[in-house]
Each structure stands twice: as C-alpha cells, then as structure tokens.
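Below is model27.cif, which holds mmCIF, C-alpha atoms.
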data_input
#
loop_
_atom_site.label_atom_id
_atom_site.label_comp_id
_atom_site.auth_asym_id
_atom_site.auth_seq_id
_atom_site.Cartn_x
_atom_site.Cartn_y
_atom_site.Cartn_z
CA MET A 1329 -116.77 61.32 223.59
CA GLU A 1330 -119.51 61.93 226.19
CA LYS A 1331 -120.37 58.94 228.40
CA ASN A 1332 -124.02 59.04 227.29
CA TRP A 1333 -123.16 59.65 223.63
CA SER A 1334 -125.37 56.86 222.31
CA THR A 1335 -128.44 58.35 223.98
CA LEU A 1336 -128.03 61.80 222.41
CA SER A 1337 -129.91 62.99 219.34
CA PRO A 1338 -127.98 63.84 216.15
CA GLU A 1339 -128.54 67.54 216.86
CA GLU A 1340 -127.19 67.22 220.41
CA LYS A 1341 -124.13 65.34 219.17
CA ARG A 1342 -123.55 68.00 216.52
CA GLU A 1343 -123.72 70.78 219.11
CA ILE A 1344 -121.04 69.04 221.17
CA ARG A 1345 -118.84 68.77 218.08
CA PHE A 1346 -119.47 72.42 217.19
CA LYS A 1347 -118.46 73.53 220.69
CA LYS A 1348 -115.22 71.54 220.50
CA TRP A 1349 -114.52 72.92 217.02
CA ILE A 1350 -114.97 76.55 218.06
CA SER A 1351 -113.13 76.14 221.37
CA THR A 1352 -109.77 77.93 221.50
CA GLU A 1353 -108.55 75.96 224.51
CA GLY A 1354 -105.10 74.53 223.84
CA ARG A 1355 -104.69 76.45 220.57
CA HIS A 1356 -102.00 79.05 219.95
CA PHE A 1357 -102.90 82.40 218.37
CA ASN A 1358 -100.64 85.27 217.46
CA SER A 1359 -102.97 87.86 219.00
CA PRO A 1360 -106.37 88.28 220.67
CA GLU A 1361 -107.62 89.54 217.30
CA ALA A 1362 -106.56 86.28 215.63
CA GLU A 1363 -108.35 84.26 218.31
CA GLN A 1364 -111.52 86.28 217.77
CA LYS A 1365 -111.23 85.85 213.99
CA TYR A 1366 -111.09 82.08 214.52
CA LYS A 1367 -114.31 82.16 216.53
CA ASP A 1368 -116.02 84.50 214.07
CA ILE A 1369 -115.23 82.33 211.05
CA ILE A 1370 -116.50 79.13 212.65
CA THR A 1371 -119.61 80.92 213.97
CA ARG A 1372 -120.26 82.11 210.41
CA TYR A 1373 -120.17 78.56 209.05
CA ILE A 1374 -122.21 77.08 211.90
CA LYS A 1375 -124.99 79.62 211.39
CA ALA A 1376 -125.01 78.96 207.64
CA ILE A 1377 -125.27 75.21 208.28
CA LYS A 1378 -128.22 75.84 210.62
CA LEU A 1379 -129.91 78.00 207.94
CA GLU A 1380 -129.52 81.08 210.08
CA GLU A 1381 -128.18 84.49 209.13
CA PRO A 1382 -124.58 85.02 210.25
CA ASP A 1383 -123.00 88.46 210.28
CA ARG A 1384 -121.96 87.91 206.66
CA VAL A 1385 -122.17 85.30 203.92
CA PRO A 1386 -119.14 83.01 204.38
CA VAL A 1387 -116.80 82.90 201.39
CA MET A 1388 -114.50 80.05 200.37
CA LEU A 1389 -112.26 80.93 197.44
CA PRO A 1390 -111.42 78.28 194.81
CA THR A 1391 -107.76 79.30 194.78
CA GLY A 1392 -106.54 75.77 194.00
CA THR A 1393 -103.02 75.72 192.55
CA THR A 1394 -103.06 79.37 191.44
CA PRO A 1395 -100.33 80.32 193.99
CA ILE A 1396 -97.67 78.15 192.32
CA TYR A 1397 -98.22 79.87 188.98
CA MET A 1398 -98.27 83.29 190.64
CA ALA A 1399 -94.83 82.34 191.99
CA GLY A 1400 -93.59 81.44 188.48
CA MET A 1401 -93.40 77.69 189.19
CA THR A 1402 -94.55 74.78 187.08
CA TYR A 1403 -96.61 72.00 188.60
CA LYS A 1404 -93.70 69.59 188.23
CA GLU A 1405 -91.33 71.98 190.02
CA ALA A 1406 -93.86 72.22 192.84
CA MET A 1407 -93.88 68.42 193.14
CA TYR A 1408 -90.13 68.38 193.85
CA ASP A 1409 -89.58 71.44 196.05
CA ASN A 1410 -91.85 71.55 199.09
CA GLU A 1411 -90.10 74.57 200.62
CA LYS A 1412 -90.61 76.66 197.49
CA LEU A 1413 -94.14 75.28 197.14
CA VAL A 1414 -95.14 76.27 200.65
CA LYS A 1415 -93.51 79.68 200.24
CA ALA A 1416 -95.73 80.27 197.19
CA TYR A 1417 -98.80 79.65 199.35
CA MET A 1418 -97.33 81.71 202.18
CA ASP A 1419 -96.90 84.63 199.80
CA VAL A 1420 -100.61 84.68 198.93
CA PHE A 1421 -101.83 83.79 202.42
CA LYS A 1422 -103.08 87.31 203.10
CA VAL A 1423 -103.51 88.37 199.48
CA PHE A 1424 -106.94 86.76 199.12
CA LYS A 1425 -109.35 87.74 201.89
CA ALA A 1426 -111.80 84.98 202.79
CA ASP A 1427 -113.12 82.63 205.48
CA ASP A 1428 -110.65 79.94 204.52
CA TYR A 1429 -107.16 79.85 203.08
CA ALA A 1430 -105.43 78.25 200.13
CA ALA A 1431 -103.42 75.25 201.34
CA PRO A 1432 -100.77 73.35 199.35
CA MET A 1433 -102.16 69.93 198.46
CA ILE A 1434 -99.60 68.87 195.84
CA PRO A 1435 -98.04 65.43 196.31
CA SER A 1436 -94.34 64.69 196.39
CA GLY A 1437 -92.90 63.79 192.99
CA ARG A 1438 -90.30 61.50 194.55
CA ALA A 1439 -92.90 59.70 196.70
CA SER A 1440 -95.22 59.39 193.69
CA ALA A 1441 -92.42 57.88 191.61
CA LEU A 1442 -91.75 55.29 194.33
CA LEU A 1443 -95.43 54.31 194.35
CA ASP A 1444 -95.52 53.93 190.56
CA THR A 1445 -99.24 54.63 190.66
CA LYS A 1446 -101.39 53.20 187.88
CA CYS A 1447 -104.47 55.29 188.67
CA SER A 1448 -103.10 58.80 188.22
CA LYS A 1449 -101.05 60.78 185.74
CA TYR A 1450 -98.91 63.81 186.53
CA PRO A 1451 -96.13 65.77 184.78
CA GLY A 1452 -93.39 63.34 183.82
CA HIS A 1453 -95.63 60.35 184.58
CA GLY A 1454 -98.14 60.11 181.77
CA LEU A 1455 -98.42 63.87 181.27
CA PRO A 1456 -96.03 66.26 179.50
CA GLU A 1457 -93.24 67.77 181.59
CA ASP A 1458 -95.08 71.12 181.55
CA GLY A 1459 -98.50 69.55 182.26
CA HIS A 1460 -100.83 70.67 185.00
CA GLY A 1461 -102.07 68.77 188.04
CA ASN A 1462 -102.88 65.14 188.68
CA GLN A 1463 -105.31 63.29 186.42
CA PHE A 1464 -107.15 60.24 187.71
CA VAL A 1465 -106.97 57.14 185.53
CA GLU A 1466 -110.00 54.89 185.69
CA GLY A 1467 -109.59 51.18 185.20
CA GLU A 1468 -111.24 47.87 186.01
CA TYR A 1469 -109.18 47.39 189.15
CA MET A 1470 -111.86 44.91 190.17
CA LYS A 1471 -112.87 42.41 187.50
CA ALA A 1472 -116.49 41.69 186.63
CA ASP A 1473 -116.27 38.18 188.14
CA GLU A 1474 -114.74 39.32 191.45
CA TYR A 1475 -117.86 40.61 193.21
CA ASP A 1476 -118.10 37.58 195.46
CA LEU A 1477 -114.46 37.94 196.54
CA PHE A 1478 -115.04 41.63 197.29
CA ILE A 1479 -118.31 41.01 199.15
CA ASN A 1480 -117.14 37.99 201.14
CA ASP A 1481 -113.65 39.20 202.08
CA MET A 1482 -113.11 42.87 201.30
CA SER A 1483 -109.85 43.14 203.26
CA ASP A 1484 -108.23 40.27 201.38
CA PHE A 1485 -109.44 41.66 198.05
CA VAL A 1486 -107.99 45.11 198.84
CA PHE A 1487 -104.70 43.65 200.06
CA ARG A 1488 -103.98 41.08 197.32
CA CYS A 1489 -105.92 42.49 194.34
CA TYR A 1490 -106.74 46.20 194.50
CA LEU A 1491 -103.48 47.56 195.94
CA PRO A 1492 -101.16 45.55 193.62
CA ARG A 1493 -103.21 46.63 190.58
CA THR A 1494 -103.17 50.33 191.41
CA MET A 1495 -99.56 50.78 192.60
CA GLY A 1496 -96.55 49.23 190.93
CA LEU A 1497 -94.65 49.35 194.23
CA LEU A 1498 -97.17 46.95 195.77
CA GLU A 1499 -97.39 44.38 192.98
CA PRO A 1500 -95.54 41.75 195.14
CA LEU A 1501 -98.56 41.68 197.50
CA THR A 1502 -100.04 39.18 195.05
CA MET A 1503 -97.45 36.71 196.35
CA PHE A 1504 -98.96 36.68 199.84
CA PRO A 1505 -101.42 33.92 200.79
CA PRO A 1506 -105.07 34.89 201.42
CA LEU A 1507 -105.19 36.72 204.74
CA PRO A 1508 -107.66 34.34 206.44
CA ASN A 1509 -105.27 31.44 205.74
CA SER A 1510 -102.97 32.79 208.45
CA LEU A 1511 -105.51 32.05 211.19
CA GLY A 1512 -103.80 29.42 213.36
CA PHE A 1513 -100.73 29.60 211.13
CA PRO A 1514 -99.36 33.15 211.58
CA ASN A 1515 -96.03 32.24 210.02
CA MET A 1516 -97.82 31.58 206.73
CA PHE A 1517 -98.30 35.33 206.29
CA LEU A 1518 -94.54 35.82 206.61
CA SER A 1519 -93.64 33.11 204.14
CA ALA A 1520 -93.69 35.61 201.29
CA MET A 1521 -90.92 37.62 202.98
CA SER A 1522 -88.29 35.26 201.62
CA ASN A 1523 -89.06 36.41 198.08
CA PRO A 1524 -86.54 39.04 196.84
CA GLN A 1525 -89.35 41.02 195.16
CA VAL A 1526 -91.21 41.29 198.45
CA GLN A 1527 -88.03 42.32 200.27
CA ASN A 1528 -87.36 45.03 197.69
CA MET A 1529 -90.97 46.23 198.06
CA LEU A 1530 -90.58 46.54 201.84
CA LEU A 1531 -87.38 48.55 201.49
CA LYS A 1532 -89.06 50.90 199.02
CA MET A 1533 -92.06 51.25 201.35
CA VAL A 1534 -89.72 52.47 204.09
CA GLU A 1535 -88.11 54.86 201.59
CA TYR A 1536 -91.57 56.11 200.60
CA GLY A 1537 -92.50 56.66 204.25
CA LYS A 1538 -89.37 58.71 204.92
CA GLU A 1539 -89.92 60.84 201.80
CA GLU A 1540 -93.58 61.43 202.64
CA ALA A 1541 -92.75 62.45 206.23
CA LYS A 1542 -90.16 64.92 204.96
CA TRP A 1543 -92.57 66.25 202.32
CA GLN A 1544 -95.36 66.89 204.84
CA LEU A 1545 -93.24 68.75 207.40
CA PRO A 1546 -93.48 72.28 205.90
CA PHE A 1547 -97.18 71.69 205.19
CA MET A 1548 -97.75 71.03 208.90
CA LYS A 1549 -95.91 74.23 209.77
CA PHE A 1550 -98.05 76.10 207.23
CA ARG A 1551 -101.28 74.83 208.83
CA GLN A 1552 -99.99 75.80 212.28
CA MET A 1553 -99.21 79.28 210.99
CA ALA A 1554 -102.71 79.60 209.50
CA MET A 1555 -104.29 78.55 212.78
CA ALA A 1556 -102.16 81.06 214.69
CA GLU A 1557 -103.47 83.77 212.35
CA GLY A 1558 -107.07 82.77 213.14
CA TYR A 1559 -107.98 80.48 210.24
CA PRO A 1560 -109.56 77.18 211.31
CA ALA A 1561 -109.32 73.87 209.50
CA MET A 1562 -112.53 73.40 207.52
CA MET A 1563 -112.38 69.83 206.23
CA GLY A 1564 -112.21 67.15 208.91
CA ALA A 1565 -112.91 63.93 207.03
CA TYR A 1566 -113.74 62.41 203.66
CA ALA A 1567 -116.31 59.89 202.49
CA HIS A 1568 -117.84 58.60 199.25
CA ALA A 1569 -121.15 57.63 197.78
CA PRO A 1570 -120.95 53.83 197.43
CA PHE A 1571 -121.77 53.98 193.71
CA ASP A 1572 -118.85 56.37 193.16
CA LEU A 1573 -116.49 54.17 195.13
CA MET A 1574 -117.46 51.19 193.00
CA GLY A 1575 -117.45 53.14 189.71
CA ASP A 1576 -114.44 55.40 190.20
CA THR A 1577 -112.16 53.17 192.22
CA LEU A 1578 -112.98 49.60 191.27
CA ARG A 1579 -115.06 48.92 188.16
CA GLY A 1580 -114.60 52.08 186.10
CA THR A 1581 -117.40 53.87 184.27
CA ARG A 1582 -117.80 51.28 181.53
CA GLY A 1583 -117.63 48.39 183.99
CA ILE A 1584 -120.21 49.70 186.42
CA ILE A 1585 -122.65 50.63 183.65
CA MET A 1586 -122.42 47.08 182.32
CA ASP A 1587 -122.97 45.79 185.88
CA MET A 1588 -126.14 47.86 186.24
CA TYR A 1589 -127.63 45.74 183.47
CA ARG A 1590 -125.81 42.41 183.75
CA GLN A 1591 -125.43 41.88 187.51
CA PRO A 1592 -127.40 44.54 189.39
CA ASP A 1593 -127.92 42.33 192.46
CA LYS A 1594 -124.16 41.90 192.95
CA LEU A 1595 -123.65 45.65 192.54
CA HIS A 1596 -126.29 46.37 195.19
CA GLN A 1597 -124.71 43.85 197.58
CA ALA A 1598 -121.28 45.42 197.11
CA MET A 1599 -122.60 48.93 197.69
CA GLU A 1600 -124.42 47.84 200.86
CA LYS A 1601 -121.13 46.33 202.05
CA ILE A 1602 -119.45 49.72 201.62
CA VAL A 1603 -122.04 51.72 203.61
CA PRO A 1604 -120.82 51.03 207.19
CA LEU A 1605 -117.19 51.34 206.09
CA ASN A 1606 -117.79 54.85 204.72
CA ILE A 1607 -119.67 55.93 207.82
CA LYS A 1608 -116.83 54.74 210.06
CA ILE A 1609 -114.13 56.41 207.93
CA ALA A 1610 -115.95 59.75 208.06
CA VAL A 1611 -116.75 59.64 211.78
CA ASP A 1612 -113.24 58.47 212.70
CA GLY A 1613 -111.79 61.32 210.61
CA ALA A 1614 -113.99 63.89 212.33
CA ASN A 1615 -113.11 62.49 215.76
CA MET A 1616 -109.39 62.60 214.99
CA SER A 1617 -109.33 66.06 213.39
CA GLY A 1618 -111.86 67.74 215.68
CA VAL A 1619 -113.53 69.24 212.61
CA PRO A 1620 -117.15 68.04 212.22
CA ILE A 1621 -117.26 68.34 208.41
CA ALA A 1622 -117.06 65.27 206.13
CA VAL A 1623 -116.49 66.04 202.44
CA PHE A 1624 -117.99 63.85 199.72
CA PRO A 1625 -116.61 64.30 196.17
CA LEU A 1626 -119.57 63.11 194.08
CA HIS A 1627 -118.72 62.10 190.52
CA LYS A 1628 -121.22 59.77 188.91
CA GLY A 1629 -124.56 61.06 190.19
CA ASP A 1630 -124.92 64.08 187.94
CA ASP A 1631 -127.72 64.52 185.39
CA THR A 1632 -125.69 63.28 182.43
CA MET A 1633 -124.51 60.04 184.02
CA MET A 1634 -127.82 58.24 184.54
CA SER A 1635 -131.58 58.71 184.44
CA ASP A 1636 -133.61 59.73 187.50
CA LYS A 1637 -134.95 56.17 187.66
CA GLN A 1638 -131.41 54.77 187.74
CA TYR A 1639 -130.33 57.39 190.26
CA ARG A 1640 -133.18 56.37 192.56
CA GLU A 1641 -132.35 52.70 192.17
CA PHE A 1642 -128.55 52.59 192.13
CA TYR A 1643 -127.13 55.83 193.51
CA TRP A 1644 -129.36 57.44 196.11
CA PRO A 1645 -130.34 54.57 198.48
CA THR A 1646 -126.87 53.62 199.73
CA PHE A 1647 -125.60 57.20 199.41
CA ARG A 1648 -128.43 58.36 201.67
CA LYS A 1649 -127.59 55.62 204.19
CA VAL A 1650 -124.02 56.91 204.43
CA ILE A 1651 -125.23 60.50 204.81
CA MET A 1652 -127.67 59.53 207.54
CA GLY A 1653 -125.11 57.39 209.38
CA ILE A 1654 -122.71 60.32 209.49
CA TYR A 1655 -125.44 62.81 210.40
CA GLU A 1656 -126.61 60.58 213.26
CA GLU A 1657 -123.11 60.84 214.76
CA GLY A 1658 -123.25 64.64 214.73
CA VAL A 1659 -120.97 65.11 211.72
CA VAL A 1660 -122.02 67.43 208.87
CA PRO A 1661 -121.78 65.92 205.36
CA LEU A 1662 -120.51 68.42 202.78
CA LEU A 1663 -121.78 66.98 199.50
CA PHE A 1664 -119.77 68.26 196.53
CA ALA A 1665 -122.10 67.55 193.61
CA GLU A 1666 -119.76 67.80 190.65
CA GLY A 1667 -121.44 68.43 187.30
CA LYS A 1668 -125.16 69.23 187.22
CA TYR A 1669 -127.82 68.14 189.73
CA ASN A 1670 -130.75 70.04 188.22
CA GLU A 1671 -132.78 66.83 187.82
CA ARG A 1672 -131.89 65.52 191.28
CA LEU A 1673 -133.03 68.41 193.49
CA GLU A 1674 -136.40 66.92 194.50
CA ILE A 1675 -134.80 63.54 195.21
CA ILE A 1676 -131.98 64.84 197.39
CA LYS A 1677 -134.38 66.90 199.50
CA ASP A 1678 -135.19 63.66 201.32
CA LEU A 1679 -132.90 64.42 204.26
CA PRO A 1680 -133.44 66.02 207.68
CA ARG A 1681 -133.60 69.81 207.64
CA SER A 1682 -130.24 71.61 208.08
CA SER A 1683 -128.38 68.29 208.20
CA VAL A 1684 -126.02 68.76 205.23
CA ILE A 1685 -124.21 71.25 203.01
CA TRP A 1686 -124.95 70.84 199.31
CA TYR A 1687 -121.95 72.18 197.39
CA PHE A 1688 -123.01 72.65 193.77
CA ASP A 1689 -120.72 72.90 190.77
CA GLN A 1690 -122.82 73.60 187.65
CA THR A 1691 -126.30 73.18 189.16
CA ASP A 1692 -128.78 76.05 188.69
CA MET A 1693 -128.32 77.72 192.09
CA PHE A 1694 -131.47 79.77 191.82
CA ARG A 1695 -133.63 76.70 191.25
CA ALA A 1696 -131.72 74.94 194.04
CA LYS A 1697 -132.66 77.85 196.33
CA GLU A 1698 -136.34 77.43 195.43
CA ILE A 1699 -136.35 73.71 196.19
CA LEU A 1700 -133.72 73.31 198.94
CA GLY A 1701 -133.28 76.83 200.29
CA ASN A 1702 -135.27 76.36 203.48
CA HIS A 1703 -134.07 72.80 203.91
CA ALA A 1704 -130.29 72.58 203.41
CA CYS A 1705 -127.28 74.86 203.46
CA LEU A 1706 -126.23 75.67 199.89
CA MET A 1707 -122.69 76.31 198.68
CA GLY A 1708 -121.26 77.29 195.27
CA ASN A 1709 -121.39 77.82 192.30
CA VAL A 1710 -119.35 80.64 190.74
CA PRO A 1711 -118.50 78.96 187.39
CA THR A 1712 -114.90 77.95 186.86
CA SER A 1713 -115.20 79.07 183.24
CA MET A 1714 -116.23 82.54 184.40
CA LEU A 1715 -113.35 82.77 186.86
CA CYS A 1716 -110.91 81.79 184.11
CA THR A 1717 -112.23 83.87 181.21
CA SER A 1718 -114.49 86.71 182.37
CA LYS A 1719 -113.74 90.21 183.60
CA ALA A 1720 -113.52 90.86 187.33
CA SER A 1721 -116.59 93.13 187.13
CA GLU A 1722 -118.62 90.26 185.64
CA VAL A 1723 -117.49 87.88 188.36
CA LYS A 1724 -118.38 90.38 191.06
CA GLU A 1725 -121.82 91.00 189.57
CA TYR A 1726 -122.59 87.27 189.37
CA CYS A 1727 -121.48 86.83 192.99
CA ARG A 1728 -123.73 89.75 194.01
CA LYS A 1729 -126.69 87.99 192.39
CA LEU A 1730 -125.87 84.71 194.17
CA ILE A 1731 -125.56 86.48 197.51
CA GLU A 1732 -128.78 88.47 197.16
CA ILE A 1733 -130.93 85.59 195.89
CA VAL A 1734 -129.39 82.34 197.17
CA GLY A 1735 -128.09 83.98 200.34
CA LYS A 1736 -131.44 85.54 201.26
CA GLY A 1737 -132.43 84.49 204.76
CA GLY A 1738 -129.13 82.71 205.43
CA GLY A 1739 -127.93 79.18 204.71
CA TYR A 1740 -125.52 80.07 201.91
CA ILE A 1741 -121.73 79.84 201.45
CA LEU A 1742 -120.21 81.64 198.46
CA ALA A 1743 -117.74 79.38 196.66
CA GLY A 1744 -116.44 78.50 193.21
CA GLY A 1745 -117.87 75.62 191.21
CA ALA A 1746 -114.49 73.85 191.43
CA SER A 1747 -110.88 74.59 192.37
CA LEU A 1748 -108.84 76.58 189.90
CA ASP A 1749 -105.67 75.58 188.13
CA LYS A 1750 -104.25 78.79 186.66
CA GLY A 1751 -106.77 81.22 188.08
CA ILE A 1752 -106.88 84.95 187.37
CA PRO A 1753 -106.02 86.71 190.65
CA GLU A 1754 -108.27 89.70 189.83
CA ASN A 1755 -111.27 87.40 189.53
CA ILE A 1756 -110.50 85.67 192.81
CA HIS A 1757 -110.32 89.10 194.45
CA ALA A 1758 -113.68 89.97 192.86
CA MET A 1759 -115.33 87.01 194.62
CA SER A 1760 -113.91 88.13 197.94
CA GLU A 1761 -114.94 91.75 197.41
CA ALA A 1762 -118.50 90.69 196.60
CA ALA A 1763 -118.83 88.75 199.86
CA PHE A 1764 -117.54 91.60 202.02
CA GLU A 1765 -119.44 94.30 200.12
CA TYR A 1766 -122.80 92.63 199.45
CA GLY A 1767 -122.88 89.74 201.91
CA VAL A 1768 -123.45 91.59 205.20
CA TYR A 1769 -126.80 90.72 206.81
CA LYS A 1770 -128.74 93.70 208.15
CA LYS A 1771 -130.02 93.19 211.69
#
Mind converting the file's structure to structure tokens?
Amino acid sequence: MEKNWSTLSPEEKREIRFKKWISTEGRHFNSPEAEQKYKDIITRYIKAIKLEEPDRVPVMLPTGTTPIYMAGMTYKEAMYDNEKLVKAYMDVFKVFKADDYAAPMIPSGRASALLDTKCSKYPGHGLPEDGHGNQFVEGEYMKADEYDLFINDMSDFVFRCYLPRTMGLLEPLTMFPPLPNSLGFPNMFLSAMSNPQVQNMLLKMVEYGKEEAKWQLPFMKFRQMAMAEGYPAMMGAYAHAPFDLMGDTLRGTRGIIMDMYRQPDKLHQAMEKIVPLNIKIAVDGANMSGVPIAVFPLHKGDDTMMSDKQYREFYWPTFRKVIMGIYEEGVVPLLFAEGKYNERLEIIKDLPRSSVIWYFDQTDMFRAKEILGNHACLMGNVPTSMLCTSKASEVKEYCRKLIEIVGKGGGYILAGGASLDKGIPENIHAMSEAAFEYGVYKK
C-alpha cells in the first residue's frame, strides 16, 4: 500500500484500488482485443459504482449451476469429477454474453466426505442421490450460555467449540486444552497429540488438504483462461453483517430470536466483537485478490425477519459499522440483500453517496430507484421465478423496463435476483440481449 495510506480519504484509497484493478501490467491476454475488453468491463463497473453513465449497463448473468445440467451431469457427478465439471463451464464460456462469466463453485465430494460437515447437506449426504446443490443446516453451534466464552476468548471458542461441532473431522479438537493455557507451557498444546483420535484427525486433515489442492487445480486454470480472454475477477472478498454471523453460523434463527428478548445485551456485545474482525477479513481479501469488491450475503435483515424497530436496534448499527470500516479502506461493499428490503430502503440510505452496491433479490427495484437511485449503485433483480418459468420474451421485456427506469442516469447493474440451479438457457440469453440492445447510453 501507499506510504501515506492512512492520511488518504476513502475516495482516494478507492481510486488507488480501482487503478490497480484495471491495470493490465503483469497480466496475460490472448490478444489486444481481450486486453481492451478487460479494461472496458472494469470501466463499466467503476462508472456504475460512481453513479455515472458507462457506455452500457453492465450485466451479470445468474448462470449458477446451469452449465452442469446443460452438459447432462447431475450435481453429485459434478462433485466427483472436476475435469468434467470445468469442461461443462468451458463449453458455455462464450455461449452467454455478459460482463462476467459463470465459474464452477461446486465443492469436492471426496473432500466434503472427509470433513463430515454438520452444517450442510448435499447429494448423498443428507440429500437424495439426485438432489441439487448444497443446503445449509442451521444449528445452535453456540449454546445460549456461551456468550461470555465467545466474547472473552473468541479464538478458543472457535477452536474448541465451533469447529468440532460443525465438522465431524474436527471433533477431537475438544480434547485440546484452552489455547491461553499454553502460554509459558507450549508443550501443553501438544499433549493432545498422543491421543489416537487426534492422530487420526491430523492424518485425515492432510488427506483433505491434498484432495482440495487437486480439486482446485482445474478451477485455477479456468480462471486464468477467463482472464486471458478479457474477463476480470469481480469478487475480491467476503464479509457478513454481524447479526447474520451470529444467527446463521452460531445461534440459529430460533436461538438468536430468543436472545433478542432474553439476553439482548450479550447479543449486542458479541456483535460488536465481530465488527473489527469482519472489516479485517474483507480488507485483507481485497488486498490479496487485488479486486476492491467485498460481497455480503445478507440473510436475516429482510422485511419478514424482524420489524423496522428491531432492524434499527439489532441489525443495522453493527452492520453499518462494518460497511463503513470497509468503505474507509477504499473497498466497495456489495450488499446482497436476499429476500425483500422494501421496508428498509429509508434506513439503509444512511451511507455516504456512491459508497456501496445494493444488490436486491425481491425488493421493488422501482421504489429502490426512487429512494436510493441518486445515492447508491443498484443491482438486480430479475426474479428467479421468472427466469425459471417465463418465456424469453417476457424476461427480455422485464429487463428492458429495469434498464430504462432503474438504469436511467447510470448507477445500475442488470443481474438476477439469485443464482440459478437448472436455468433455462433461452431466458439467460434474453437477459444478455436486453442489456446489449436496450442498455447503451446515448452520449
């Protein structure tokens, strides 16, 4: 980073990150045209983020896992054959025209089996053999009486409680002494190594690491190929709203709702504890990847989860602190508001102008344009139901309306409400066609 980084404004830091992102120095491209495409795509996104008019409305297609089904594979087959999986995505690489590309994100079946995860289901592990995708399993992986342990020593809690409860492979971590106990007595940490269960865990961890490295190899080659063709990486880091991290990952929906009434002070303390951690994770990710976009999957802040009063009390304060901490380091938060945020629009406007991307799923985009349109970049929300059930002509017409109303004056990215499972290729094409046909800004 720059020597005087701490003295720069958030906007100045962001400009430095943008310049590094768009720079082609040290990158390999297959042709001068591919290099120019790379610059054009990033310029398109940067202008949208700044609420300016690019040459055209950027379009990100919700292709999801559609390529594996187009290739005649099942999800389970894709989890056990990375070469065939990547080939499926290679085959559709240039089929769908957009400002991003569909990337394989499916985990290794063998690595997943070694983990013996308790917090997800997939075909053959909690789902039928012909099931689709991974399904998250909520649980009280932190008990109601463990707030003090979490708040006072988060690392020890994660090491000896959270990890063993969420992955069968790591259950022997409960046999280790509390981490702080090793201060002055480093051998105490190693005392658990004499246990056969711990030894077996370590061997399986090595096996997992080898499998994961092998699984990721063709994915890395795929990303290199995409870059060489002029398609930049778009997601540089991830972060969470503290309430989601507590509710999704630790307490579960039922648990955190009970905590809102029974021990709200402890919940607030825990969420405050998470704020700096989330900021650091996002900024470190952006630094490492060179992509100044931090994605937030937002789950429990939608209109149906809690009242506006509860949102203002429990969700927004610490969430806003994370957003602002990331923004102040020149990173752009991309806030994926799953569900509906129709009742939250006035609340979430309380951020600096052009500081974030609000990616809406089922929110009324036209009302969002009225309230946030001159304040934040908007993204979304071609309904997943429409993409899965409607005619291509209906999809294209809806996209035209989004482009002409929400995209007016700039600051809009056309995207689906959520990623598709078995998408209809004709409808994905219709989204793309709408962007290239209707999304050109007249100078």
Practice problem: Could you state which residues are captured by the PyMOL selection byres ((chain A and resi 1419-1432) around 10) in this file, as a VMD selection string? | Solution: chain A and resid 1365 to 1366 1368 to 1370 1372 to 1373 1385 to 1396 1398 to 1399 1406 1410 1413 to 1418 1433 to 1435 1546 to 1547 1550 to 1551 1554 1557 to 1562 1741 1753 to 1754 1756 to 1761 1763 to 1764
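Picked by the PyMOL selection byres ((chain A and resi 1616-1626) around 6) from the coordinates shown: A:Trp1349, A:Met1563, A:Gly1564, A:Ala1565, A:Tyr1566, A:Ala1567, A:His1568, A:Ala1610, A:Gly1613, A:Ala1614, A:Asn1615, A:His1627, A:Val1659, A:Val1660, A:Pro1661, A:Leu1662, A:Leu1663, A:Phe1664, A:Ala1665, A:Glu1666.
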Practice problem: Can you pull out every residue within 8 Å of Ile1675 (chain A), counting only C-alpha atoms, but drop anything in the same chain fewer than 3 positions away, and send it as a PyMOL selection string? | Solution: chain A and resi 1640+1672+1678
Restricting the output to C-alpha atoms, write the selected residues as a CSV table (one decimal), in the frame of the given file.
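Result went into out-v8.csv, see below:
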chain,number,residue,atom,x,y,z
A,1640,ARG,CA,-133.2,56.4,192.6
A,1672,ARG,CA,-131.9,65.5,191.3
A,1678,ASP,CA,-135.2,63.7,201.3
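Residues with any atom within 9 Å of Gly1583 (chain A), counting only C-alpha atoms and excluding same-chain neighbours fewer than 3 positions away, are Gly1467, Glu1468, Lys1471, Ala1472, Gly1575, Leu1578, Arg1579, Gly1580, Met1586, Asp1587 and Met1588 of chain A.
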Quiz item: Any chance you could work out the residue set of the PyMOL selection byres ((chain A and resi 1715-1730) around 7) here, as an NGL selection string?
Solution: :A and (1710-1714 or 1731-1735 or 1751-1752 or 1754-1755 or 1758-1759 or 1762 or 1766)
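Our summary of the geometry notes that CA of Asn1702 (chain A) is positioned 24.2 Å from CA of Glu1765 (chain A).
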